[in-house]
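Shown next, in structure tokens, is the structure this report addresses.
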Protein chains: 2
Amino acid sequence: MKNAKKYIIGASALLIILVGCGVAVGRALNNDDESMYDDTPKSMEEILTEIRSHMQTYNVAGYIIPSVDAHNSEYISLHDQRFHYVTNFTGSAGTAIITLDKALLWTDARYHLQAENQLDPAYWTLMKEGLYGVLTRDQWLLANLPSGAQIGTDPFLITSSEFERMGAALLAGGQRLVTLERNLVDIVWNNQPTQTNEDLIRLDIKFSGKRASVKITELRKLLNTNSAAAIVVNGLDEVAWLLNLRGTDILYTPVFFAYLIVTQSEIVLFTNQDRINETIQEHFQEEGISVTVRDYDAILSGIQTQAADGGKLIIATSCSQAILSQIPADQRIQVYSLVAKMKAVKNDVEAVGMREAHLRDGTAVVRYLHWLEENVDSGNITELSGAAKLREFRSMQEHFVDLSFTSISSFGSNGAIVHYTPTEETDKLITRDSIYLIDSGGQYYDGTTDITRSVHMGEPTAFQKEAYTRVLQGFLSLGSAVFPPLTSGAFLDAMARRPLWDAGLDYSHGTGHGIGSFLGVHEYPPYLVYTTSAADNQGLQVNMFVSNEPGYYEANDFGIRLEDIVQVVKANVSHDFAGRGALTLYSVTVAPLATNLMDLSLMSDHEVELVNSYHERVMKEVGSLLLEQNASDAYVWLGIKTQRIVKS
Amino acid sequence: MKNAKKYIIGASALLIILVGCGVAVGRALNNDDESMYDDTPKSMEEILTEIRSHMQTYNVAGYIIPSVDAHNSEYISLHDQRFHYVTNFTGSAGTAIITLDKALLWTDARYHLQAENQLDPAYWTLMKEGLYGVLTRDQWLLANLPSGAQIGTDPFLITSSEFERMGAALLAGGQRLVTLERNLVDIVWNNQPTQTNEDLIRLDIKFSGKRASVKITELRKLLNTNSAAAIVVNGLDEVAWLLNLRGTDILYTPVFFAYLIVTQSEIVLFTNQDRINETIQEHFQEEGISVTVRDYDAILSGIQTQAADGGKLIIATSCSQAILSQIPADQRIQVYSLVAKMKAVKNDVEAVGMREAHLRDGTAVVRYLHWLEENVDSGNITELSGAAKLREFRSMQEHFVDLSFTSISSFGSNGAIVHYTPTEETDKLITRDSIYLIDSGGQYYDGTTDITRSVHMGEPTAFQKEAYTRVLQGFLSLGSAVFPPLTSGAFLDAMARRPLWDAGLDYSHGTGHGIGSFLGVHEYPPYLVYTTSAADNQGLQVNMFVSNEPGYYEANDFGIRLEDIVQVVKANVSHDFAGRGALTLYSVTVAPLATNLMDLSLMSDHEVELVNSYHERVMKEVGSLLLEQNASDAYVWLGIKTQRIVKS
């Protein structure tokens with residue numbers, strides 16, 4: 001559970017309005033044209049005054065500053081942190097709206113306290129989303145700006161579906177949502193960081209398992225199926241996956257800024273051309289593809305050129321309004337990303353890589369938990385220093401590249417904050433007095449990992465044990481479920497929740513997300529959420545990987561979450577759904593569960609056996625690696641932690 | 001599980017084409033104008049020839065004959081059985097299409113065998129829906145009739161959403177779906193039964209629990225909420241529920257033919273005016289409502305008059321194309337039926353009535369199962385004669401009116417046919433050699449019932465026991481589930497299916513449907529189906545009643561289904577979902593489960609305890625009533641059937 005991005009599914013746009021922008025223009029990756037100016041940091045007063053001055057030039061009464069990038073990425077680059085620059089707020093989700101005399105920031109309940117602390121009330125009004133009586137952005141605009149007002153936004157930073165929704169809402173009240181040719185923050189931001197220009201990373205066939213030429217051929221088959229002339233690929237992880245290339249442009253997700261247009265005859269890559277050097281050209285040759293390279297900025301004109309052929313273009317529901325607006329309505333096929341669906345099913349090489357990466361990753365986690373228990377009484381291990389130590393153990397593992405997200409290292413009451421990550425201000429000492437929750441992951445050349453364990457190094461309360469046990473029961477129930485192919489994730493979500501629901505307990509997040517192969521730590525599909533419609537869920541198939549992560553959070557007291565990455569595999573049961581085939585799940589995550597937090601009286605014999613057989617596997621697989629790594633103390637410790645439990 | 005009708009959710013119509021019908025006309029309830037003709041039954045040759053002659057008059061190359069009535073009723077009157085009249089096929093679902101030289105019937109897999117037997121191949125071609133390579137109706141029309149062809153249908157007998165869908169599909173191929181002012185079958189059908197004219201039934205406040213005036217006030221609040229001037233109520237059960245009236249126009253469902261238009265100032269009832277006699281006028285007075293009565297035929301002109309006011313009209317997604325077409329597109333608010341949602345939550349009087357009706361109904365079932373076991377060795381009890389005996393036991397119960405559907409009385413391999421009902425041709429002897437499945441229900445003044453039990457009066461096989469036990473485990477799991485308010489039915493469906501899925505087994509139908517209070521045996525919402533989108537599902541609330549009916553079907557061998565009606569009630573658990581409140585289910589159905597079909601080695605102690613405590617309640621509640629009814633042999637028998645089971 002991190003700040004999982006919810007993709008909004010929408011139809012084609014209702015209205016497209018470009019102001020002062022007869023010809024669409026691209027967006028420069030680097031703001032070279034600005035860098036000749038003075039780069040002394042500007043005050044909040046200066047920033048807002050200058051933005052308002054540009055707003056008047058563009059004749060907009062309001063200006064929307066979203067917290068996203070042009071590719072709907074989960075994590076964004078420093079260059080793209082416009083929302084933070086303007087507001088000083090560091091939360092990952094929210095929207096700022098600036099008018100000529102006001103500045104407001106909307107963010108959800110996770111961030112209300114943080115926003116209160118970080119916003120300067122002399123300039124900013126906090127709009128606590130979700131609280132009773134707090135106007136939504138649409139409502140506020142309609143209530144506070146006159147009919148006829150134009151509200152401006154950057155077409156690259158708003159999804160086409162959100163543009164359609166908000167545009168229609170404002171239009172109903174006589175206002176117009178318009179897109180501006182330039183981003184007003186970029187004009188003002190004199191010391192805006194440039195995008196990185198580091199070399200791209202070639203992903204060897206021994207890790208990717210499938211040549212780019214094969215992936216492109218599969219994609220071209222989908223063009224035929226959809227009677228489309230081309231597809232515009234806007235997700236950074238999708239471009240990286242298709243080309244078997246990686247980058248370092250964004251923290252935690254090994255991607256690089258690029259778009260791709262694929263037709264039956266051409267592959268056009270829009271990116272910083274300097275990076276497509278001889279090595280990368282060799283890579284394309286080795287991968288069996290011929291790639292035309294154009295500037296990143298040229299994407300809109302590239303789409304226009306393609307659209308001029310009259311054929312249909314496939315675009316994703318997550319694409320920006322800038323992309324959608326280049327394509328005549330009758331030439332658009334807007335669907336949930338086809339490439340996201342393709343890469344959701346791992347090939348056999350990727351699947352083996354995921355298992356191996358998780359074995360090494362689990363070994364790092366075991367070494368950390370052992371180290372923590374040995375050293376907790378020193379009285380100087382905190383959430384932050386603990387997380388740093390865990391990173392150290394990970395970095396010792398083969399094929400390690402980086403973490404896959406900021407570790408959620410949280411002790412006691414901090415663990416009850418679902419989206420918590422420790423900072424200098426919130427950093428707590430880890431002791432034996434409550435539950436320590438560690439949710440973390442790594443990027444390895446052969447796979448991306450994500451694991452959560454919750455431990456108590458002292459004496460848990462009866463309620464902590466009950467809560468842990470119910471979370472564990474849901475975790476085991478989901479992990480051992482048998483189901484026919486293409487089952488919706490909703491079914492499995494219900495399995496994980498049931499034992500908590502039986503006691504009137506619940507958790508306020510989904511139960512599982514997909515995960516990339518040395519790519520994003522969150523991918524969709526698959527998606528295990530019982531409340532979600534099946535629209536963007538193609539159902540579970542062999543070799544999909546998904547997290548299994550139920551939890552329980554007692555506010556101001558403690559948090560519990562267990563998370564394994566599970567692989568969809570064939571099940572060995574006596575019947576096979578009348579020939580359809582039976583599937584089940586296999587935990588690729590290997591790290592011990594906390595037996596001292598289990599209330600065995602609540603558990604069935606079957607559940608006890610599931611824990612014991614899992615622990616046997618953990619000891620065997622991780623134990624071997626610990627010995628290889630000369631971590632014999634951790635080996636002994638793991639032997640104790642995985643001892644068989646027995647119902648009295 | 002009966003022929004549950006799937007409501008199709010759609011948006012407003014894309015195209016409305018009326019042929020030869022400048023002014024919309026209503027539909028006469030009785031075909032008096034035809035009855036003066038000779039009523040000698042016509043041959044198939046005559047029927048088809050005459051229909052084709054009328055098709056030429058109307059200039060249509062194809063004519064669609066659906067199997068439904070104008071109110072999207074689950075069961076239809078004899079007058080409405082046009083599909084059967086024309087085809088000779090008695091299945092409840094299908095569509096006939098007649099062209100100038102062909103006649104085709106589409107029906108789904110449930111009915112392929114039956115249709116083969118009943119259709120005369122000299123005239124009819126059977127189109128086996130769902131089989132590979134069989135064209136759909138749209139595909140067949142596009143492939144076999146020329147571009148430009150007009151396909152006619154009766155606008156009353158096609159839902160607006162289906163008209164929109166099919167109209168668009170045909171239009172894409174250059175054909176036009178058109179509505180005809182007269183039903184061509186009605187013109188030809190010289191001996192068409194007339195609609196019944198029996199007196200309406202006043203439902204006493206001691207059964208309805210809520211005055212019509214209060215229901216109308218609640219409905220008017222919804223008009224305000226939706227900024228609508230009026231609502232058109234097209235469901236027969238909805239009209240009956242709103243007015244606290246019942247009828248006998250359709251077998252099994254105590255409704256009468258009528259429409260209702262409700263505005264802030266008026267209630268207009270469109271029905272056979274002769275039936276609104278002094279007694280019914282008194283009823284309206286007692287119920288606190290003033291009702292304007294107009295002819296049933298006047299519904300379309302009534303809608304036109306209302307629409308002429310310029311306000312918006314609420315119509316249901318299930319309404320016919322005839323209704324929708326009377327309302328200008330910008331005046332339509334088409335939503336899932338608001339009245340269906342209102343009546344889904346029973347009031348306290350209805351809730352008590354449901355419990356009492358089910359107690360009496362369970363008593364009848366117990367007396368029948370006892371009688372069956374006593375007499376099975378006579379060698380002359382069949383599925384049909386057994387069902388007749390069960391009806392006899394039901395008819396002895398207080399407030400009994402009729403059955404709520406044709407009993408599914410099925411032995412051995414017949415039980416594996418999910419939608420089976422016995423006929424003279426299929427009627428099997430009931431013996432001790434396999435499983436007997438009886439799914440049946442009654443209409444009582446205080447409630448509608450629906451119960452299924454599966455029994456084996458001899459020695460079940462190990463697989464029959466495993467299958468029964470897994471069905472039972474799902475049934476118990478769903479029946480004891482705890483959940484927060486507004487939980488989607490999908491969650492509960494998953495609970496019921498899990499124990500079967502664990503073994504690679506499944507059933508191909510939903511797990512639960514709502515049920516009326518002395519109304520339809522199937523109501524939606526609530527709806528327990530995990531594959532369905534939440535669109536028409538408002539989530540579970542206290543005092544909703546829903547069936548809990550998992551099953552297992554081994555083709556050509558046996559069928560198992562267990563069905564209770566369960567009431568949503570508050571749960572008594574240690575936590576309450578952080579203040580949201582905890583809900584659970586209470587079985588209002590009381591009849592023993594088959595302990596000789598249970599494999600106790602598969603069951604947990606908790607499951608055994610659930611069976612024992614349920615049986616204790618059955619013995620206590622039904623036992624008392626058996627003694628009151630002087631059925632002491634059945635009382636003794638029930639005592640044996642409900643003896644505690646113990647795991648060895």
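Labels for the structure tokens follow display order: chains A, B, ..., residues from 1 in each chain, ligands from 1.
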
Residues of chain B no more than 9 Å from chain A, counting only C-alpha atoms: send them over as a short mmCIF file (atom, residue, chain, number, x, y, z; two decimals) with C-alpha atoms, in the first residue's frame.
data_model
loop_
_atom_site.label_atom_id
_atom_site.label_comp_id
_atom_site.auth_asym_id
_atom_site.auth_seq_id
_atom_site.Cartn_x
_atom_site.Cartn_y
_atom_site.Cartn_z
CA SER B 480 -23.17 -16.16 8.78
CA ALA B 481 -21.25 -13.36 7.04
CA VAL B 482 -20.75 -10.05 8.84
CA PHE B 483 -20.42 -6.91 6.69
CA PRO B 484 -20.77 -3.11 6.82
CA THR B 487 -21.83 -3.89 0.98
CA SER B 488 -22.21 -5.09 -2.59
CA ALA B 490 -20.61 -9.52 -4.97
CA PHE B 491 -18.81 -9.86 -1.65
CA LEU B 492 -21.37 -12.34 -0.32
CA ASP B 493 -21.50 -14.29 -3.55
CA ALA B 494 -17.78 -14.96 -3.20
CA MET B 495 -18.37 -16.36 0.30
CA ARG B 498 -15.36 -20.47 -2.03
CA TRP B 501 -13.94 -23.42 -5.80
CA ASP B 502 -11.45 -24.94 -3.38
CA ALA B 503 -12.14 -28.24 -5.16
CA GLY B 504 -12.39 -26.83 -8.69
CA LEU B 505 -16.21 -27.01 -8.61
CA ASP B 506 -18.70 -24.21 -9.35
CA TYR B 530 -19.94 -11.56 -8.07
CA THR B 531 -19.57 -11.08 -11.79
CA THR B 532 -22.09 -8.27 -12.06
CA SER B 533 -21.21 -4.61 -12.01
CA ALA B 534 -22.51 -2.63 -9.09
CA ALA B 535 -24.58 -0.38 -11.36
CA ALA B 571 -24.90 -8.09 13.82
CA VAL B 573 -20.02 -8.55 17.06
CA SER B 574 -17.29 -6.95 19.16
CA HIS B 575 -16.54 -4.09 16.72
CA ASP B 576 -18.79 -2.10 14.42
CA PHE B 577 -16.67 -1.05 11.44
CA ALA B 578 -15.56 2.12 13.20
CA GLY B 581 -22.53 -0.52 12.09
CA ALA B 582 -22.20 -4.24 11.46
CA LEU B 583 -24.79 -6.29 9.59
CA SER B 604 -15.03 -27.46 10.73
#

Let's see if you can do this: from backbone DSSP, list all helix (DSSP H, G or I) residues in region 284-403 of chain B, as a short mmCIF file (atom, residue, chain, number, x, y, z; two decimals) with N, CA, C and O atoms, in the first residue's frame.
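This is the output file states23.cif:
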data_model
loop_
_atom_site.label_atom_id
_atom_site.label_comp_id
_atom_site.auth_asym_id
_atom_site.auth_seq_id
_atom_site.Cartn_x
_atom_site.Cartn_y
_atom_site.Cartn_z
N PHE B 284 -58.81 3.36 -1.71
CA PHE B 284 -57.97 4.54 -1.94
C PHE B 284 -58.19 5.56 -0.83
O PHE B 284 -57.24 6.18 -0.35
N GLN B 285 -59.45 5.70 -0.42
CA GLN B 285 -59.77 6.66 0.64
C GLN B 285 -59.07 6.24 1.94
O GLN B 285 -58.44 7.05 2.62
N GLU B 286 -59.19 4.95 2.24
CA GLU B 286 -58.57 4.44 3.47
C GLU B 286 -57.06 4.60 3.42
O GLU B 286 -56.41 4.85 4.43
N GLU B 287 -56.49 4.44 2.23
CA GLU B 287 -55.04 4.56 2.07
C GLU B 287 -54.58 6.01 1.99
O GLU B 287 -53.38 6.28 1.89
N TYR B 296 -56.32 1.73 -19.44
CA TYR B 296 -54.98 1.16 -19.62
C TYR B 296 -54.39 1.63 -20.95
O TYR B 296 -53.22 2.01 -21.02
N ASP B 297 -55.22 1.66 -22.00
CA ASP B 297 -54.76 2.06 -23.35
C ASP B 297 -54.28 3.49 -23.41
O ASP B 297 -53.61 3.88 -24.37
N ALA B 298 -54.67 4.31 -22.44
CA ALA B 298 -54.39 5.74 -22.54
C ALA B 298 -53.00 6.10 -22.04
O ALA B 298 -52.66 7.28 -21.95
N ILE B 299 -52.18 5.10 -21.72
CA ILE B 299 -50.88 5.41 -21.10
C ILE B 299 -50.02 6.31 -21.99
O ILE B 299 -49.42 7.28 -21.50
N LEU B 300 -49.99 6.03 -23.29
CA LEU B 300 -49.09 6.84 -24.13
C LEU B 300 -49.59 8.27 -24.23
O LEU B 300 -48.80 9.22 -24.12
N SER B 301 -50.89 8.44 -24.39
CA SER B 301 -51.38 9.82 -24.46
C SER B 301 -51.22 10.48 -23.10
O SER B 301 -50.96 11.68 -23.01
N GLY B 302 -51.33 9.71 -22.03
CA GLY B 302 -51.10 10.25 -20.69
C GLY B 302 -49.68 10.77 -20.54
O GLY B 302 -49.44 11.83 -19.96
N ILE B 303 -48.73 10.02 -21.06
CA ILE B 303 -47.33 10.45 -20.98
C ILE B 303 -47.12 11.70 -21.85
O ILE B 303 -46.48 12.66 -21.44
N GLN B 304 -47.74 11.68 -23.05
CA GLN B 304 -47.62 12.85 -23.93
C GLN B 304 -48.14 14.12 -23.25
O GLN B 304 -47.50 15.17 -23.29
N THR B 305 -49.31 13.99 -22.60
CA THR B 305 -49.90 15.14 -21.91
C THR B 305 -48.95 15.64 -20.83
O THR B 305 -48.70 16.84 -20.70
N GLN B 306 -48.41 14.69 -20.06
CA GLN B 306 -47.50 15.08 -18.98
C GLN B 306 -46.25 15.74 -19.57
O GLN B 306 -45.79 16.78 -19.07
N ALA B 307 -45.70 15.15 -20.63
CA ALA B 307 -44.47 15.68 -21.22
C ALA B 307 -44.69 17.08 -21.79
O ALA B 307 -43.77 17.90 -21.82
N ALA B 308 -45.93 17.35 -22.22
CA ALA B 308 -46.22 18.65 -22.84
C ALA B 308 -46.02 19.79 -21.84
O ALA B 308 -45.81 20.94 -22.23
N GLN B 321 -39.82 0.56 -25.23
CA GLN B 321 -39.54 1.59 -26.22
C GLN B 321 -40.78 2.46 -26.45
O GLN B 321 -40.67 3.66 -26.68
N ALA B 322 -41.98 1.85 -26.32
CA ALA B 322 -43.21 2.61 -26.51
C ALA B 322 -43.29 3.76 -25.53
O ALA B 322 -43.66 4.89 -25.86
N ILE B 323 -42.93 3.50 -24.28
CA ILE B 323 -42.99 4.54 -23.24
C ILE B 323 -41.92 5.58 -23.48
O ILE B 323 -42.18 6.78 -23.51
N LEU B 324 -40.70 5.11 -23.65
CA LEU B 324 -39.60 6.06 -23.83
C LEU B 324 -39.85 6.99 -25.01
O LEU B 324 -39.57 8.19 -24.94
N ALA B 329 -36.14 13.61 -25.74
CA ALA B 329 -34.89 13.15 -25.13
C ALA B 329 -34.44 14.04 -23.96
O ALA B 329 -33.97 13.55 -22.94
N ASP B 330 -34.61 15.35 -24.10
CA ASP B 330 -34.10 16.23 -23.05
C ASP B 330 -35.03 16.30 -21.84
O ASP B 330 -34.75 17.01 -20.89
N GLN B 331 -36.16 15.58 -21.88
CA GLN B 331 -37.05 15.56 -20.72
C GLN B 331 -37.00 14.21 -19.98
O GLN B 331 -37.73 13.99 -19.03
N LEU B 338 -36.71 3.53 -9.43
CA LEU B 338 -36.68 4.06 -8.06
C LEU B 338 -37.64 3.29 -7.16
O LEU B 338 -37.37 3.09 -5.98
N VAL B 339 -38.77 2.85 -7.74
CA VAL B 339 -39.75 2.13 -6.91
C VAL B 339 -39.21 0.74 -6.55
O VAL B 339 -39.41 0.26 -5.43
N ALA B 340 -38.47 0.13 -7.46
CA ALA B 340 -37.85 -1.18 -7.15
C ALA B 340 -36.90 -1.02 -5.96
O ALA B 340 -36.84 -1.88 -5.08
N LYS B 341 -36.17 0.09 -5.93
CA LYS B 341 -35.25 0.31 -4.83
C LYS B 341 -35.99 0.59 -3.53
O LYS B 341 -35.57 0.15 -2.46
N MET B 342 -37.11 1.34 -3.63
CA MET B 342 -37.90 1.63 -2.42
C MET B 342 -38.43 0.35 -1.79
O MET B 342 -38.34 0.13 -0.60
N LYS B 343 -39.02 -0.49 -2.62
CA LYS B 343 -39.69 -1.66 -2.05
C LYS B 343 -38.72 -2.77 -1.68
O LYS B 343 -39.10 -3.77 -1.08
N ALA B 344 -37.44 -2.62 -2.06
CA ALA B 344 -36.43 -3.62 -1.70
C ALA B 344 -36.20 -3.67 -0.20
O ALA B 344 -35.86 -4.71 0.36
N ASP B 348 -41.17 -2.85 8.89
CA ASP B 348 -41.16 -3.82 9.99
C ASP B 348 -42.33 -4.80 9.92
O ASP B 348 -42.18 -5.97 10.25
N VAL B 349 -43.48 -4.31 9.47
CA VAL B 349 -44.64 -5.20 9.36
C VAL B 349 -44.39 -6.25 8.26
O VAL B 349 -44.64 -7.45 8.45
N GLU B 350 -43.87 -5.81 7.16
CA GLU B 350 -43.55 -6.76 6.08
C GLU B 350 -42.49 -7.77 6.54
O GLU B 350 -42.55 -8.95 6.22
N ALA B 351 -41.51 -7.26 7.31
CA ALA B 351 -40.43 -8.14 7.77
C ALA B 351 -40.98 -9.24 8.69
O ALA B 351 -40.61 -10.41 8.56
N VAL B 352 -41.86 -8.85 9.58
CA VAL B 352 -42.47 -9.85 10.47
C VAL B 352 -43.31 -10.81 9.64
O VAL B 352 -43.27 -12.04 9.84
N GLY B 353 -44.04 -10.29 8.67
CA GLY B 353 -44.86 -11.13 7.80
C GLY B 353 -44.01 -12.14 7.05
O GLY B 353 -44.40 -13.31 6.91
N MET B 354 -42.86 -11.69 6.57
CA MET B 354 -41.97 -12.61 5.84
C MET B 354 -41.54 -13.75 6.77
O MET B 354 -41.51 -14.92 6.36
N ARG B 355 -41.19 -13.42 8.01
CA ARG B 355 -40.78 -14.49 8.93
C ARG B 355 -41.92 -15.46 9.17
O ARG B 355 -41.73 -16.68 9.16
N GLU B 356 -43.13 -14.91 9.38
CA GLU B 356 -44.26 -15.79 9.68
C GLU B 356 -44.67 -16.64 8.48
O GLU B 356 -44.97 -17.82 8.61
N ALA B 357 -44.65 -16.02 7.30
CA ALA B 357 -44.99 -16.78 6.09
C ALA B 357 -43.98 -17.91 5.87
O ALA B 357 -44.36 -19.03 5.50
N HIS B 358 -42.72 -17.61 6.11
CA HIS B 358 -41.70 -18.64 5.91
C HIS B 358 -41.79 -19.74 6.95
O HIS B 358 -41.44 -20.90 6.66
N LEU B 359 -42.24 -19.42 8.13
CA LEU B 359 -42.43 -20.46 9.15
C LEU B 359 -43.54 -21.42 8.71
O LEU B 359 -43.37 -22.64 8.75
N ARG B 360 -44.66 -20.88 8.27
CA ARG B 360 -45.75 -21.74 7.80
C ARG B 360 -45.32 -22.52 6.57
O ARG B 360 -45.64 -23.69 6.41
N ASP B 361 -44.59 -21.82 5.68
CA ASP B 361 -44.15 -22.45 4.45
C ASP B 361 -43.16 -23.59 4.74
O ASP B 361 -43.24 -24.66 4.15
N GLY B 362 -42.23 -23.33 5.70
CA GLY B 362 -41.28 -24.37 6.09
C GLY B 362 -42.01 -25.57 6.68
O GLY B 362 -41.63 -26.73 6.46
N THR B 363 -43.07 -25.30 7.42
CA THR B 363 -43.87 -26.37 8.01
C THR B 363 -44.49 -27.25 6.92
O THR B 363 -44.48 -28.48 7.01
N ALA B 364 -44.98 -26.58 5.86
CA ALA B 364 -45.54 -27.35 4.73
C ALA B 364 -44.45 -28.20 4.08
O ALA B 364 -44.69 -29.36 3.72
N VAL B 365 -43.27 -27.64 3.93
CA VAL B 365 -42.17 -28.39 3.31
C VAL B 365 -41.78 -29.58 4.18
O VAL B 365 -41.55 -30.69 3.68
N VAL B 366 -41.71 -29.36 5.50
CA VAL B 366 -41.38 -30.46 6.41
C VAL B 366 -42.43 -31.56 6.30
O VAL B 366 -42.11 -32.75 6.20
N ARG B 367 -43.70 -31.20 6.26
CA ARG B 367 -44.76 -32.21 6.17
C ARG B 367 -44.63 -32.98 4.86
O ARG B 367 -44.84 -34.20 4.82
N TYR B 368 -44.27 -32.26 3.81
CA TYR B 368 -44.10 -32.92 2.51
C TYR B 368 -42.91 -33.88 2.53
O TYR B 368 -43.02 -35.03 2.08
N LEU B 369 -41.77 -33.42 3.03
CA LEU B 369 -40.57 -34.28 3.02
C LEU B 369 -40.79 -35.51 3.90
O LEU B 369 -40.31 -36.61 3.59
N HIS B 370 -41.53 -35.33 4.99
CA HIS B 370 -41.88 -36.46 5.85
C HIS B 370 -42.79 -37.44 5.09
O HIS B 370 -42.53 -38.64 5.03
N TRP B 371 -43.82 -36.88 4.48
CA TRP B 371 -44.76 -37.71 3.70
C TRP B 371 -44.02 -38.47 2.59
O TRP B 371 -44.25 -39.64 2.36
N LEU B 372 -43.09 -37.75 1.94
CA LEU B 372 -42.34 -38.35 0.83
C LEU B 372 -41.53 -39.54 1.33
O LEU B 372 -41.54 -40.62 0.71
N GLU B 373 -40.83 -39.37 2.42
CA GLU B 373 -39.99 -40.45 2.93
C GLU B 373 -40.85 -41.64 3.39
O GLU B 373 -40.46 -42.80 3.22
N GLU B 374 -42.03 -41.33 3.92
CA GLU B 374 -42.94 -42.40 4.35
C GLU B 374 -43.48 -43.18 3.15
O GLU B 374 -43.79 -44.36 3.27
N ASN B 375 -43.64 -42.50 2.02
CA ASN B 375 -44.36 -43.11 0.90
C ASN B 375 -43.53 -43.41 -0.33
O ASN B 375 -44.05 -43.92 -1.32
N VAL B 376 -42.24 -43.08 -0.26
CA VAL B 376 -41.42 -43.21 -1.47
C VAL B 376 -41.38 -44.66 -1.97
O VAL B 376 -41.33 -44.90 -3.18
N ASP B 377 -41.45 -45.61 -1.04
CA ASP B 377 -41.33 -47.01 -1.46
C ASP B 377 -42.59 -47.54 -2.14
O ASP B 377 -42.60 -48.65 -2.66
N SER B 378 -43.65 -46.72 -2.13
CA SER B 378 -44.88 -47.15 -2.82
C SER B 378 -44.63 -47.27 -4.33
O SER B 378 -45.38 -47.94 -5.04
N GLU B 383 -42.13 -36.78 -9.77
CA GLU B 383 -41.82 -35.35 -9.61
C GLU B 383 -43.11 -34.53 -9.60
O GLU B 383 -43.29 -33.65 -8.76
N LEU B 384 -44.02 -34.84 -10.54
CA LEU B 384 -45.26 -34.06 -10.64
C LEU B 384 -46.21 -34.34 -9.49
O LEU B 384 -46.76 -33.41 -8.90
N SER B 385 -46.39 -35.63 -9.17
CA SER B 385 -47.36 -35.93 -8.10
C SER B 385 -46.80 -35.47 -6.76
O SER B 385 -47.54 -35.03 -5.87
N GLY B 386 -45.47 -35.52 -6.60
CA GLY B 386 -44.85 -34.99 -5.38
C GLY B 386 -45.12 -33.51 -5.25
O GLY B 386 -45.55 -33.01 -4.20
N ALA B 387 -44.91 -32.78 -6.35
CA ALA B 387 -45.13 -31.34 -6.33
C ALA B 387 -46.58 -31.01 -5.99
O ALA B 387 -46.87 -30.05 -5.27
N ALA B 388 -47.49 -31.83 -6.51
CA ALA B 388 -48.91 -31.61 -6.21
C ALA B 388 -49.20 -31.80 -4.73
O ALA B 388 -49.97 -31.06 -4.11
N LYS B 389 -48.55 -32.81 -4.14
CA LYS B 389 -48.73 -33.06 -2.71
C LYS B 389 -48.20 -31.89 -1.89
O LYS B 389 -48.81 -31.46 -0.91
N LEU B 390 -47.04 -31.36 -2.32
CA LEU B 390 -46.47 -30.22 -1.61
C LEU B 390 -47.40 -29.02 -1.68
O LEU B 390 -47.61 -28.31 -0.70
N ARG B 391 -48.03 -28.84 -2.83
CA ARG B 391 -49.00 -27.74 -2.96
C ARG B 391 -50.14 -27.93 -1.98
O ARG B 391 -50.62 -26.98 -1.37
N GLU B 392 -50.55 -29.18 -1.82
CA GLU B 392 -51.63 -29.49 -0.89
C GLU B 392 -51.24 -29.09 0.55
O GLU B 392 -52.03 -28.47 1.25
N PHE B 393 -50.02 -29.44 0.94
CA PHE B 393 -49.58 -29.06 2.29
C PHE B 393 -49.49 -27.53 2.44
O PHE B 393 -49.81 -26.98 3.49
N ARG B 394 -49.06 -26.87 1.37
CA ARG B 394 -48.99 -25.40 1.43
C ARG B 394 -50.39 -24.80 1.56
O ARG B 394 -50.61 -23.87 2.34
N SER B 395 -51.32 -25.37 0.77
CA SER B 395 -52.65 -24.76 0.73
C SER B 395 -53.37 -24.88 2.08
O SER B 395 -54.35 -24.20 2.31
#

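Interatomic distance, CA of Thr406 (chain A) to CA of Gly441 (chain A): 8.4 Å.
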
Checklist entry - Do you know which residues are at most 7 Å from Leu200 (chain B) counting only C-alpha atoms, after dropping those on the same chain fewer than 3 positions away, and could you put them as an MDAnalysis selection string? => result chainID B and resid 245:247 275

Next on the checklist: as a ChimeraX atom specification, please: the residues near Leu403 (chain B) (cut-off 10 Å, only C-alpha atoms, same-chain neighbours under 3 positions excluded).
Outcome noted: /B:251-253,391,394-395,400,406-407,440-444,448-450,521
